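One structure is given here, and the rest of the page talks about it.
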Amino acid sequence: MTQFAIVTDLNRCVGCLACSTACKAVNGVNVGDFWIKTLRIGPTPIEGGSGDWPDVEMYFLPIQCQHCAEPECVKVCPTEASRKLEDGTVQVDKEKCIGCQFCAMACPYGVRYLNEEERVVEKCTLCEQRTSQGELPQCVSQCGSRARFFGDLEKGIATFEAPAPTQDLSTDYDTMTGIRTTLADWVEPWSDSDVYTLTDMGNGPQIQYILRNRKWQG
């Protein structure tokens with residue numbers, strides 16, 4: 001079964017907020033609302049260090065809908081507006097949503113909110129309007145650190161893709177075939193023990209993170 005997801009290499013993420021900004025622009029997210037929030041984790045003292053800079057560590061953690069395997073938001077929705085699609089993503093049918101916010105209360109990650117103007121719940125869609133056409137999510141396309149990659153978990157995260165680096169800044173990556181790189185070809189080597197998800201509350205979060213040589217605090 002297909003399970004679309006995003007993998008973020010946290011050793012590469014610089015917390016520039018390009019993913020959040022690009023997401024808001026392409027999806028028309030209202031001011032004050034977010035489909036992606038980038039949290040700063042740390043700085044925390046390095047074990048055995050002085051406790052002060054430079055013996056500290058820090059990383060940035062983008063948080064969005066986790067497109068869970070067993071999404072609690074789907075289970076509690078009284079109108080079946082929240083649903084899991086065949087591509088593994090969790091979506092909201094705005095025509096069915098009554099704005100009750102049961103889903104927002106059930107989500108353990110706090111990534112859903114009520115659009116006050118439309119009176120419907122919104123969240124990250126993994127840019128379904130783009131990925132259904134073979135394109136990349138906007139947050140992946142616009143990541144300047146090349147830290148975010150998109151793909152199908154059933155094929156393994158090594159196959160996840162991002163725009164390939166180019167000297168031509170005018171290149172529109174998503175309308176050109178073959179102008180992509182994979183996680184395996186681009187980032188530094190990682191092991192299975194370097195791959196994390198947010199805390200699993202029984203819902204099976206599918207968005208994954210790579211973090212090497214640091215203490216995970218997700």
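Going by the structure tokens order, chains are called A, B, ..., each with residues numbered from 1, while ligands are numbered from 1 in the order shown.
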Distance query segment 83-99 of chain A at most 9 Å, only C-alpha atoms, self and fewer than 6 positions along chain excluded, as a list in words:
Met1, Thr2, Gln3, Phe4, Ala5, Cys65, Gln66, His67, Cys68, Ala69, Glu70, Pro71, Cys73, Val74, Lys75, Cys77, Leu114, Asn115, Glu118, Arg119, Val120, Val121, Glu122, Lys123, Cys124, Thr125, Leu126, Glu128 and Asp152 of chain A
What gap, in Å, lies between atom CA of Tyr59 of chain A and atom CA of Lys37 of chain A?
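Atom CA of Tyr59 of chain A sits 13.7 Å away from atom CA of Lys37 of chain A.
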For Asp200 of chain A: contacts at 10 Å, only C-alpha atoms, fewer than 4 positions along chain excluded, given as a list in words
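After dropping sequence-adjacent residues, the list is Cys68, Pro108, Gly204, Pro205 and Gln206 of chain A.
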Exercise: Ala158 of chain A partners within 9 Å, only C-alpha atoms, chain neighbours under 3 positions left out, as JSON, numbers by chain
{"A": [155, 161, 182, 183, 184, 185]}
Among listed residues A:Met105, A:Thr38, A:Phe150, A:Gly156, nearest Gly134 of chain A (using only C-alpha atoms)
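Closest candidate: A:Phe150.
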Among the residues of chain A, find those DSSP assigns to strand (DSSP E or B) from the backbone and print them as a PyMOL selection string.
chain A and resi 4-9+37-45+56-63+82-84+90-92+113-115+120-122+148-152+161-163+180-182+195-196+208-210
Same residues, C-alpha atoms, saved as an mmCIF file, in the first residue's frame:
data_model
loop_
_atom_site.group_PDB
_atom_site.id
_atom_site.type_symbol
_atom_site.label_atom_id
_atom_site.label_comp_id
_atom_site.auth_asym_id
_atom_site.auth_seq_id
_atom_site.Cartn_x
_atom_site.Cartn_y
_atom_site.Cartn_z
ATOM 1 C CA PHE A 4 3.378 9.170 0.827
ATOM 2 C CA ALA A 5 5.509 10.973 3.408
ATOM 3 C CA ILE A 6 8.311 13.464 3.911
ATOM 4 C CA VAL A 7 11.699 12.773 5.445
ATOM 5 C CA THR A 8 13.663 15.707 6.870
ATOM 6 C CA ASP A 9 17.396 15.499 7.506
ATOM 7 C CA LYS A 37 5.704 25.005 12.221
ATOM 8 C CA THR A 38 9.460 24.853 12.701
ATOM 9 C CA LEU A 39 10.462 24.401 16.341
ATOM 10 C CA ARG A 40 13.892 25.084 17.813
ATOM 11 C CA ILE A 41 15.016 22.175 19.989
ATOM 12 C CA GLY A 42 17.685 23.324 22.408
ATOM 13 C CA PRO A 43 20.257 24.524 22.959
ATOM 14 C CA THR A 44 20.922 21.741 25.448
ATOM 15 C CA PRO A 45 24.230 20.893 27.172
ATOM 16 C CA VAL A 56 25.743 22.723 23.615
ATOM 17 C CA GLU A 57 23.684 21.308 20.757
ATOM 18 C CA MET A 58 20.564 22.445 18.934
ATOM 19 C CA TYR A 59 18.447 21.489 15.929
ATOM 20 C CA PHE A 60 15.261 22.602 14.189
ATOM 21 C CA LEU A 61 12.205 20.362 13.953
ATOM 22 C CA PRO A 62 9.486 21.003 11.328
ATOM 23 C CA ILE A 63 6.102 19.828 12.616
ATOM 24 C CA SER A 82 -11.432 13.449 7.633
ATOM 25 C CA ARG A 83 -10.332 10.429 5.680
ATOM 26 C CA LYS A 84 -7.231 8.483 4.691
ATOM 27 C CA VAL A 90 -4.947 12.097 5.497
ATOM 28 C CA GLN A 91 -7.220 14.717 3.954
ATOM 29 C CA VAL A 92 -10.200 16.879 4.955
ATOM 30 C CA TYR A 113 -6.920 24.265 13.417
ATOM 31 C CA LEU A 114 -10.259 25.864 12.576
ATOM 32 C CA ASN A 115 -10.267 28.256 9.632
ATOM 33 C CA VAL A 120 -13.736 24.248 8.453
ATOM 34 C CA VAL A 121 -10.677 22.469 9.807
ATOM 35 C CA GLU A 122 -7.422 22.761 7.865
ATOM 36 C CA ARG A 148 13.405 17.717 2.904
ATOM 37 C CA PHE A 149 12.607 14.764 0.627
ATOM 38 C CA PHE A 150 9.293 13.299 -0.568
ATOM 39 C CA GLY A 151 8.362 9.754 -1.545
ATOM 40 C CA ASP A 152 6.610 6.483 -0.803
ATOM 41 C CA GLU A 161 13.310 12.793 -3.901
ATOM 42 C CA ALA A 162 14.095 16.506 -3.817
ATOM 43 C CA PRO A 163 15.071 19.018 -6.525
ATOM 44 C CA ARG A 180 15.788 15.530 -9.069
ATOM 45 C CA THR A 181 18.078 13.842 -6.590
ATOM 46 C CA THR A 182 17.390 11.142 -4.026
ATOM 47 C CA VAL A 195 15.653 7.657 11.791
ATOM 48 C CA TYR A 196 12.884 8.892 14.095
ATOM 49 C CA GLN A 208 10.124 10.778 9.451
ATOM 50 C CA TYR A 209 13.262 12.573 10.569
ATOM 51 C CA ILE A 210 16.966 11.785 10.311
#
Determine which residues of segment 73-190 of chain A DSSP labels as alpha helix (DSSP H) from the backbone of this structure, then write them out as a ChimeraX atom specification.
/A:73-76,102-106,128-131,138-141,183-186
Distance atom CA of Phe160 of chain A-atom CA of Val187 of chain A, one decimal place?
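Atom CA of Val187 of chain A lies 11.2 Å from atom CA of Phe160 of chain A.
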